[in-house]
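> Take a look at the following structure, please.
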Amino acid sequence: MGRDFISSLFLTLIGLFFLIYSTKYDLGTLASPGEAVFPMLIAVVLLAMSGWLLLQSLFKRRPENQEQTSSEKKVVKEENWRVLLLFSLVGVSLFSIEVLGFFLTSFILVALCCRLLGVNKWLPALTIAAAAITGAYLIFELWLKVAFPKGLFI
């Protein structure tokens, strides 16, 4: 079993846990969604993505005795740093959400994560962040009437 298989299996188990756990809450209706809607949607998306990764890892052929070159080791080391930096960004955003507010913190987090994950220029990263925050505002503030931390600026 490779690392891809184990990590995708782990993500599938997390998705299953959230899907099963969200059934304890009220789903509500289309006009008045309950508290289970968001966790259930996240669980379904996570299950779909991790299931796809799981299938890819099962059907991927790789020679078993293939040694990693120094450039491949460098790429793996760089990816490990990116993952660590992503977790750090999420941690910092959790602490700054009360001061900056949900939407500003999320905008900054999404933009930085886009850059970290391969968006090479700032304009597309900021556009993606603006679209994500606008979508979140429309869905949660206007439609679902969910109150988010406002912060000092908003």
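Ligands are numbered from 1 in the order shown, residues from 1 within each chain, and chains are lettered A, B, ... in the order they appear in the structure tokens.
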Just want the 8 Å neighbourhood of Ser8 of chain A, counted on only C-alpha atoms, with same-chain residues fewer than 5 positions away dropped. Output as number ranges by chain.

A: 50-51, 53-54

> With C-alpha atoms retained, write the just-selected residues as a compact mmCIF listing (two decimals), in the first residue's frame.


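New file selection.txt:
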# COMPACT_ATOMS: atom_id res chain seq x y z
CA SER A 50 -11.35 11.10 -1.54
CA GLY A 51 -13.16 8.28 -3.33
CA LEU A 53 -8.25 9.67 -5.12
CA LEU A 54 -8.72 6.19 -3.67

> Which of segment 4-140 of chain A counts as alpha helix (DSSP H) under DSSP, as a PyMOL selection string please?

chain A and resi 4-22+37-59+70-100+102-116+122-136

> Grab the atom CA of Gln56 of chain A to atom CA of Leu117 of chain A distance for me, in Å with one decimal place.

20.5 Å

> From the list A:Gly28, A:Leu13, A:Arg82, A:Leu123, which residue is nearest Ala48 of chain A when using only C-alpha atoms?

A:Leu13

> Point out the residue among A:Val99, A:Ala36, A:Leu11, A:Ile108 with the least atom-to-atom distance to Met49 of chain A, counting only C-alpha atoms.

A:Leu11
